[in-house]
>>> print(open('query23.txt').read())   # compact mmCIF, C-alpha atoms
# COMPACT_ATOMS: atom_id res chain seq x y z
CA MET A 15 -9.90 -193.22 255.46
CA ALA A 16 -13.56 -193.40 254.58
CA ASN A 17 -15.56 -190.21 254.96
CA LEU A 18 -19.26 -190.99 255.12
CA GLN A 19 -22.14 -188.54 254.92
CA ASN A 20 -25.50 -189.36 256.57
CA SER A 21 -25.26 -193.08 257.22
CA THR A 22 -27.44 -195.79 258.67
CA VAL A 23 -25.94 -198.95 260.12
CA THR A 24 -28.40 -201.80 260.34
CA GLY A 25 -27.36 -204.27 263.00
CA ARG A 26 -24.39 -204.01 265.29
CA MET A 27 -21.77 -201.32 264.82
CA THR A 28 -18.42 -202.18 266.38
CA VAL A 29 -15.69 -199.60 266.94
CA THR A 30 -12.40 -201.12 268.02
CA GLY A 31 -10.88 -197.81 269.09
CA ALA A 32 -12.61 -194.67 270.27
CA LEU A 33 -15.67 -192.98 268.85
CA LYS A 34 -15.27 -189.22 268.90
CA HIS A 35 -18.67 -187.60 268.78
CA ASN A 36 -17.92 -183.96 268.35
CA SER A 37 -21.35 -182.40 268.33
CA THR A 38 -22.62 -183.70 271.67
CA GLY A 39 -19.65 -182.58 273.72
CA VAL A 40 -19.48 -185.96 275.44
CA SER A 41 -16.43 -188.21 275.11
CA ASN A 42 -16.33 -191.96 274.91
CA TRP A 43 -15.78 -193.94 278.10
CA GLN A 44 -12.13 -194.78 278.73
CA VAL A 45 -11.74 -198.05 280.59
CA LEU A 46 -8.73 -198.81 282.81
CA SER A 47 -7.77 -201.74 285.00
CA HIS A 48 -7.27 -201.37 288.73
CA CYS A 49 -4.09 -203.45 288.71
CA ALA A 50 -1.66 -200.57 288.52
CA ASN A 51 2.03 -200.98 289.12
CA GLY A 52 2.97 -200.10 292.68
CA THR A 53 6.34 -198.49 292.24
CA ASP A 54 6.80 -197.40 295.82
CA THR A 55 4.88 -200.21 297.47
CA THR A 56 5.94 -203.73 298.38
CA PRO A 57 4.64 -205.91 297.02
CA ASN A 58 3.22 -204.47 293.85
CA TYR A 59 -0.53 -204.00 293.92
CA ALA A 60 -0.45 -203.03 297.58
CA GLY A 61 -3.26 -201.00 299.03
CA GLY A 62 -3.47 -197.24 299.17
CA ARG A 63 -4.43 -195.18 296.19
CA LEU A 64 -4.86 -195.75 292.49
CA HIS A 65 -3.60 -192.69 290.61
CA VAL A 66 -4.85 -192.02 287.10
CA ARG A 67 -3.25 -189.55 284.72
CA THR A 68 -5.71 -188.34 282.10
CA PRO A 69 -4.90 -186.70 278.76
CA ILE A 70 -6.64 -183.47 279.79
CA ARG A 71 -4.30 -180.48 279.94
CA ALA A 72 -4.53 -178.85 283.36
CA ASP A 73 -3.88 -175.35 282.13
CA ASN A 74 -5.34 -172.53 280.09
CA SER A 75 -4.57 -174.16 276.75
CA HIS A 76 -7.66 -176.34 277.28
CA LEU A 77 -9.46 -175.30 280.41
CA GLY A 78 -9.08 -171.55 280.80
CA TRP A 79 -12.55 -170.36 281.77
CA ASN A 80 -13.85 -173.37 279.89
CA PRO A 81 -14.62 -176.12 282.41
CA ILE A 82 -14.96 -179.82 281.69
CA ILE A 83 -16.97 -182.27 283.74
CA MET A 84 -15.03 -185.46 284.47
CA GLU A 85 -17.27 -188.41 285.29
CA VAL A 86 -15.85 -191.56 286.89
CA ARG A 87 -17.43 -194.91 287.63
CA GLY A 88 -15.94 -198.21 288.65
CA TYR A 89 -15.17 -200.70 291.37
CA HIS A 90 -12.30 -202.58 292.94
CA THR A 91 -12.21 -206.16 294.16
CA TYR A 92 -14.73 -208.90 293.67
CA SER A 93 -16.94 -207.67 296.45
CA GLY A 94 -16.89 -203.97 295.64
CA ASP A 95 -14.73 -202.90 298.59
CA THR A 96 -14.58 -199.62 296.77
CA THR A 97 -16.98 -198.30 294.17
CA HIS A 98 -16.55 -195.08 292.29
CA ASN A 99 -19.32 -192.82 291.06
CA PHE A 100 -18.43 -189.16 291.05
CA MET A 101 -18.30 -186.07 288.88
CA ALA A 102 -15.75 -183.28 289.18
CA LEU A 103 -15.58 -179.94 287.44
CA LEU A 104 -12.12 -179.28 285.96
CA ASN A 105 -11.24 -175.67 285.39
CA THR A 106 -8.36 -173.20 285.25
CA ASN A 107 -8.42 -169.51 285.97
CA GLY A 108 -8.15 -167.71 282.65
CA TYR A 109 -5.99 -164.99 284.23
CA ASN A 110 -3.38 -166.74 286.33
CA ASN A 111 -3.69 -170.39 285.25
CA SER A 112 -4.68 -171.59 288.74
CA PHE A 113 -6.12 -175.10 288.58
CA TYR A 114 -9.47 -175.97 290.14
CA GLY A 115 -9.88 -179.71 290.11
CA SER A 116 -11.18 -180.65 293.50
CA GLN A 117 -14.72 -179.52 292.94
CA ILE A 118 -16.36 -182.91 293.17
CA THR A 119 -19.91 -181.92 292.53
CA ALA A 120 -21.54 -185.30 293.00
CA ASP A 121 -20.16 -188.36 294.76
CA SER A 122 -22.26 -191.40 295.55
CA GLY A 123 -19.46 -193.95 295.55
CA TYR A 124 -18.46 -196.24 298.40
CA ASN A 125 -15.08 -195.82 300.13
CA SER A 126 -13.87 -194.07 297.00
CA LEU A 127 -12.47 -190.83 298.54
CA PRO A 128 -11.68 -189.26 295.16
CA LEU A 129 -9.22 -186.41 294.79
CA VAL A 130 -8.44 -184.49 291.58
CA TYR A 131 -5.14 -182.71 291.10
CA LYS A 132 -2.73 -181.27 288.55
CA SER A 133 0.35 -183.34 287.70
CA THR A 134 3.67 -182.08 289.04
CA SER A 135 5.54 -183.08 285.88
CA THR A 136 4.62 -182.19 282.33
CA TYR A 137 3.69 -184.68 279.61
CA GLY A 138 3.85 -183.58 276.02
CA GLY A 139 4.67 -180.09 277.27
CA TYR A 140 1.66 -179.74 279.59
CA HIS A 141 0.60 -180.55 283.10
CA ARG A 142 -2.21 -183.08 283.06
CA VAL A 143 -5.34 -183.63 285.11
CA CYS A 144 -4.88 -186.55 287.48
CA PHE A 145 -7.03 -188.12 290.16
CA SER A 146 -6.72 -190.79 292.78
CA VAL A 147 -9.19 -193.12 294.43
CA THR A 148 -8.97 -195.73 297.16
CA LYS A 149 -7.29 -198.98 296.14
CA VAL A 150 -7.54 -202.23 298.05
CA GLY A 151 -4.33 -204.19 298.69
CA CYS A 152 -4.56 -206.75 295.93
CA CYS A 153 -4.79 -206.89 292.19
CA CYS A 154 -8.01 -208.91 292.41
CA THR A 155 -10.28 -207.45 289.78
CA GLY A 156 -11.42 -203.94 289.21
CA HIS A 157 -12.09 -201.48 286.44
CA ILE A 158 -12.65 -197.79 286.23
CA TRP A 159 -14.37 -195.83 283.50
CA ILE A 160 -13.84 -192.14 282.78
CA ARG A 161 -15.50 -189.77 280.37
CA PHE A 162 -15.61 -186.02 279.85
CA TRP A 163 -18.41 -183.55 279.20
CA ASN A 164 -17.59 -180.44 277.16
CA ASN A 165 -14.50 -180.08 274.99
CA PRO A 166 -14.17 -183.86 274.46
CA THR A 167 -11.40 -183.57 271.87
CA ALA A 168 -9.07 -182.87 274.77
CA ALA A 169 -9.50 -186.51 275.74
CA TYR A 170 -7.36 -187.68 272.84
CA ASP A 171 -4.34 -185.46 273.34
CA TYR A 172 -1.98 -187.76 275.27
CA ALA A 173 -1.71 -191.30 276.62
CA TRP A 174 -3.44 -192.40 279.80
CA ALA A 175 -1.41 -193.80 282.69
CA THR A 176 -2.06 -195.41 286.06
CA GLU A 177 0.07 -195.87 289.15
CA GLY A 178 -0.51 -197.63 292.47
CA ARG A 179 0.84 -195.96 295.58
CA GLY A 180 0.77 -196.77 299.27
CA ASP A 181 -0.41 -193.28 300.15
CA SER A 182 -3.68 -191.95 301.47
CA GLN A 183 -6.19 -189.26 300.66
CA SER A 184 -4.80 -187.01 303.38
CA SER A 185 -1.17 -187.65 302.43
CA LEU A 186 -0.93 -187.96 298.68
CA SER A 187 2.28 -188.70 296.90
CA ALA A 188 2.83 -187.15 293.48
CA PRO A 189 3.43 -190.00 291.06
CA PHE A 190 2.82 -187.87 288.00
CA MET B 13 -27.08 -191.83 252.31
CA ALA B 14 -24.97 -194.87 253.02
CA ASN B 15 -26.84 -197.90 254.39
CA LEU B 16 -24.37 -200.25 256.01
CA GLN B 17 -25.00 -203.70 257.43
CA ALA B 18 -23.26 -204.82 260.61
CA THR B 19 -20.06 -202.82 260.43
CA THR B 20 -16.74 -202.67 262.22
CA PHE B 21 -14.66 -199.51 262.33
CA THR B 22 -11.02 -200.22 263.17
CA GLY B 23 -9.34 -197.35 264.96
CA THR B 24 -10.99 -194.12 265.96
CA GLY B 25 -14.25 -193.09 264.36
CA GLU B 26 -15.22 -189.46 264.37
CA VAL B 27 -18.72 -188.06 264.02
CA ILE B 28 -18.21 -184.50 262.91
CA ALA B 29 -21.45 -182.62 262.81
CA SER B 30 -24.51 -184.47 263.96
CA GLU B 31 -25.46 -187.37 266.18
CA VAL B 32 -25.31 -191.10 266.70
CA TYR B 33 -28.84 -192.35 267.20
CA VAL B 34 -28.91 -195.94 268.41
CA SER B 35 -32.55 -196.70 267.74
CA GLY B 36 -32.34 -200.12 269.37
CA SER B 37 -31.33 -198.70 272.73
CA GLY B 38 -34.52 -196.85 273.58
CA MET B 39 -32.59 -193.69 274.39
CA THR B 40 -32.03 -190.51 272.50
CA PRO B 41 -28.64 -188.94 271.86
CA TRP B 42 -27.63 -186.19 274.27
CA LYS B 43 -28.88 -182.70 273.45
CA THR B 44 -26.41 -179.99 274.47
CA VAL B 45 -27.87 -176.76 275.85
CA PHE B 46 -25.84 -173.63 276.59
CA MET B 47 -26.64 -172.08 279.95
CA CYS B 48 -26.66 -168.43 278.78
CA PRO B 49 -30.29 -168.03 277.77
CA GLY B 50 -30.33 -164.40 276.64
CA GLY B 51 -33.71 -162.98 275.65
CA ALA B 52 -35.70 -160.36 277.51
CA SER B 53 -34.52 -158.97 280.84
CA PRO B 54 -33.13 -160.49 283.01
CA GLY B 55 -31.97 -162.90 280.28
CA ASN B 56 -28.35 -163.84 280.88
CA ASN B 57 -28.52 -162.46 284.42
CA ALA B 58 -31.48 -164.60 285.39
CA SER B 59 -31.42 -166.96 288.36
CA TRP B 60 -33.27 -169.69 286.43
CA ILE B 61 -32.89 -171.05 282.95
CA HIS B 62 -35.99 -172.58 281.39
CA ILE B 63 -35.51 -175.18 278.71
CA ARG B 64 -38.39 -176.08 276.44
CA THR B 65 -37.88 -179.50 274.96
CA PRO B 66 -39.60 -180.97 271.88
CA CYS B 67 -41.12 -183.81 273.92
CA PRO B 68 -44.95 -183.62 273.96
CA ALA B 69 -46.37 -183.47 277.49
CA THR B 70 -49.81 -184.81 276.72
CA ASN B 71 -51.54 -188.02 275.81
CA ALA B 72 -52.96 -186.28 272.75
CA SER B 73 -49.70 -186.93 270.98
CA SER B 74 -50.41 -190.69 271.06
CA GLY B 75 -47.25 -191.60 272.87
CA SER B 76 -46.90 -190.47 276.44
CA GLY B 77 -50.29 -191.40 277.92
CA TRP B 78 -49.66 -194.13 280.50
CA ASN B 79 -46.30 -194.59 278.84
CA PRO B 80 -43.68 -192.76 280.90
CA SER B 81 -40.27 -191.57 279.83
CA ILE B 82 -37.20 -190.85 281.90
CA ILE B 83 -35.69 -187.48 281.25
CA GLU B 84 -32.05 -187.32 282.31
CA VAL B 85 -30.15 -184.07 282.79
CA LYS B 86 -26.47 -183.44 283.53
CA GLY B 87 -24.45 -180.26 283.48
CA TYR B 88 -23.05 -177.33 285.37
CA HIS B 89 -23.16 -173.57 285.53
CA SER B 90 -20.40 -171.07 286.16
CA TYR B 91 -16.67 -171.67 286.24
CA PHE B 92 -16.73 -172.84 289.82
CA ALA B 93 -19.64 -175.21 289.49
CA SER B 94 -21.83 -173.06 291.70
CA TYR B 95 -24.57 -175.29 290.36
CA SER B 96 -24.26 -178.77 288.94
CA TYR B 97 -27.04 -180.91 287.55
CA ASP B 98 -27.40 -184.65 287.61
CA PHE B 99 -30.97 -185.84 287.92
CA GLN B 100 -33.57 -188.13 286.42
CA ALA B 101 -37.31 -187.50 286.35
CA VAL B 102 -40.07 -189.84 285.30
CA ILE B 103 -42.53 -187.91 283.18
CA ASN B 104 -45.94 -189.15 282.23
CA SER B 105 -49.45 -188.11 281.38
CA ALA B 106 -52.64 -189.92 282.33
CA GLY B 107 -53.95 -191.92 279.42
CA ASP B 108 -57.58 -191.16 280.20
CA ALA B 109 -59.55 -188.01 279.49
CA SER B 110 -58.06 -186.20 282.50
CA ASN B 111 -54.70 -185.97 280.72
CA ASN B 112 -53.09 -185.24 284.08
CA TRP B 113 -49.36 -184.53 284.04
CA TYR B 114 -46.80 -186.24 286.26
CA SER B 115 -43.15 -185.27 286.67
CA ASN B 116 -41.35 -186.90 289.56
CA ILE B 117 -37.66 -186.29 290.10
CA ARG B 118 -36.52 -189.62 291.53
CA VAL B 119 -32.73 -189.25 291.36
CA ASN B 120 -30.95 -185.99 292.12
CA ARG B 121 -27.21 -185.79 292.67
CA GLY B 122 -26.81 -182.15 291.74
CA ASN B 123 -25.51 -179.51 294.10
CA THR B 124 -25.38 -175.84 294.84
CA GLY B 125 -21.72 -175.28 295.43
CA GLY B 126 -20.43 -178.40 297.16
CA THR B 127 -16.71 -179.13 297.32
CA GLN B 128 -14.64 -182.02 298.58
CA ASN B 129 -14.83 -180.71 302.14
CA ASN B 130 -18.23 -179.13 301.83
CA PRO B 131 -20.62 -181.84 300.74
CA PRO B 132 -23.12 -180.94 298.06
CA THR B 133 -26.60 -179.89 298.85
CA GLY B 134 -29.50 -180.67 296.61
CA THR B 135 -30.53 -178.41 293.80
CA LEU B 136 -34.18 -177.96 293.11
CA PRO B 137 -34.66 -178.51 289.40
CA VAL B 138 -38.23 -178.35 288.18
CA VAL B 139 -39.84 -180.31 285.37
CA TYR B 140 -43.18 -178.98 284.16
CA ARG B 141 -45.60 -178.92 281.28
CA SER B 142 -45.76 -175.76 279.22
CA THR B 143 -48.88 -173.63 279.49
CA ASN B 144 -48.81 -172.79 275.82
CA THR B 145 -48.83 -175.21 272.94
CA TYR B 146 -46.13 -175.51 270.32
CA ASN B 147 -47.10 -177.22 267.10
CA SER B 148 -50.40 -178.12 268.79
CA TYR B 149 -49.00 -179.77 271.93
CA GLU B 150 -47.86 -178.68 275.35
CA ARG B 151 -44.18 -179.53 275.80
CA VAL B 152 -41.98 -180.88 278.57
CA CYS B 153 -40.00 -178.01 280.09
CA ILE B 154 -37.21 -177.83 282.67
CA ALA B 155 -36.21 -175.03 285.02
CA LEU B 156 -32.65 -175.13 286.38
CA PRO B 157 -31.25 -172.79 289.03
CA ARG B 158 -28.18 -170.95 287.76
CA SER B 159 -25.70 -168.22 288.62
CA THR B 160 -26.81 -164.71 287.76
CA CYS B 161 -24.27 -164.22 285.02
CA CYS B 162 -23.61 -165.65 281.59
CA CYS B 163 -20.22 -166.99 282.68
CA ASN B 164 -19.92 -170.49 281.28
CA GLY B 165 -22.09 -173.56 281.58
CA TRP B 166 -23.68 -176.40 279.69
CA SER B 167 -26.37 -178.93 280.31
CA TRP B 168 -27.12 -182.18 278.51
CA VAL B 169 -30.56 -183.73 278.18
CA ARG B 170 -31.75 -187.09 276.90
CA TRP B 171 -34.77 -189.37 277.11
CA TRP B 172 -35.16 -193.03 277.91
CA ASN B 173 -38.21 -194.65 276.28
CA ASN B 174 -40.69 -193.00 273.94
CA THR B 175 -37.94 -191.72 271.69
CA GLY B 176 -40.32 -191.93 268.77
CA ILE B 177 -42.66 -189.21 270.07
CA LEU B 178 -40.10 -186.46 269.76
CA ASP B 179 -41.06 -184.33 266.82
CA SER B 180 -39.49 -181.46 264.99
CA VAL B 181 -40.41 -178.60 267.32
CA ALA B 182 -37.29 -176.63 268.13
CA TRP B 183 -35.65 -176.47 271.53
CA ALA B 184 -35.82 -173.10 273.28
CA THR B 185 -34.34 -171.44 276.36
CA SER B 186 -35.36 -168.44 278.42
CA GLY B 187 -33.97 -166.75 281.52
CA THR B 188 -36.23 -165.63 284.35
CA ASN B 189 -35.95 -165.05 288.09
CA SER B 190 -38.59 -167.64 288.90
CA SER B 191 -38.87 -171.39 288.56
CA ALA B 192 -42.50 -170.94 287.55
CA ASN B 193 -43.75 -171.73 284.08
CA ALA B 194 -42.03 -169.64 281.41
CA TYR B 195 -43.55 -171.31 278.37
>>> encode(input="query23.txt", output="structure tokens")
Amino acid sequence: MANLQNSTVTGRMTVTGALKHNSTGVSNWQVLSHCANGTDTTPNYAGGRLHVRTPIRADNSHLGWNPIIMEVRGYHTYSGDTTHNFMALLNTNGYNNSFYGSQITADSGYNSLPLVYKSTSTYGGYHRVCFSVTKVGCCCTGHIWIRFWNNPTAAYDYAWATEGRGDSQSSLSAPF
Amino acid sequence: MANLQATTFTGTGEVIASEVYVSGSGMTPWKTVFMCPGGASPGNNASWIHIRTPCPATNASSGSGWNPSIIEVKGYHSYFASYSYDFQAVINSAGDASNNWYSNIRVNRGNTGGTQNNPPTGTLPVVYRSTNTYNSYERVCIALPRSTCCCNGWSWVRWWNNTGILDSVAWATSGTNSSANAY
């Protein structure tokens, strides 16, 4: 592994993986497709909700009294039936480990109806921050981008996952 | 210092201590500012944090006169996001002898305690020009409403356009109970 000191790149710099930029506190964008598997829907790619499991630990080991902003942008379908543009503050109570993920502090999306929650199961020994947004009933095309502000190293702790479900904002299933 | 030509990093690159400055983009890297200003009373218990940036707020610095920049701010204060910040202001100074100062907040998605079922209301951030000069120039300053505790909070600031007029004057923060000029 090369370890460079002060460096100047003249021209284009391409990073095939992620670029961790520790001093700014801002993570790279993570891009995901909207064509999630629909394990409890028929056919696959049915409408409802797209659930995203992030690598962020939803407990005091990362978030205790140390909030992270999660920023999400994206769209689904060719005509933008849903567009996503929101920020949520992720936090856990440093005393009793209660999770506060539904504080969506800014939302200017369209038909997005975002919800942030803590996974029911554990992954790598920890509950993870998950969210869901509206998903139209087709694969079509769609992408979603996520990044984190503050404590960005937490973004590289576990694999991302997506899941399509035929649920709704008011009646969420718990795929993760 | 290494000078690389067009370069590909395979895998995950990690910038440990400083910044990635993409000079061709016309934007600065993000500057991270802690929301516990300290200083004289009320300091950490203040209802406003004032941030003095290194950006000159005058045409005398041969950069900002009739040549606006966007200043973009994101962030939050307190564990429960009592305040969150997400706005853009166009800042400018008249290029003629009047040297008038313009700071118009054109996008503001911040809030003062909104939740999923309690839609956000607008914060009232303020962008102003310092009264005093620092290294000979008045500077662009920001006042952000905040919770009256140190608690926990960060804001991030960057500029679009005019990145070359930022000089070496240090950033500074101060806590007061007024949005009026603190610098």
>>> interface_residues(input="query23.txt", of="chain A", to="chain B", cutoff="10 Å", atoms="only C-alpha atoms", output="number ranges by chain")
A: 15-40, 77-83, 100-107, 114-122, 127-130, 163-164
>>> atom_distance(input="query23.txt", atom1="atom CA of Ser148 of chain B", atom2="atom CA of Asn79 of chain B")
19.7 Å
>>> atom_distance(input="query23.txt", atom1="atom CA of Ile177 of chain B", atom2="atom CA of Ser115 of chain B")
17.1 Å
>>> closest_residue(input="query23.txt", among="A:Arg87, A:Arg67, A:His48, A:Lys132", to="Ile160 of chain A", atoms="only C-alpha atoms")
A:Arg87
>>> residues_around(input="query23.txt", residues="Ile63 of chain B", least_positions_apart="5", cutoff="6 Å", atoms="all atoms listed in the file", output="list in words")
Cys153, Ile154, Ala184 and Thr185 of chain B
>>> atom_distance(input="query23.txt", atom1="atom CA of Val152 of chain B", atom2="atom CA of Ser53 of chain B")
23.3 Å
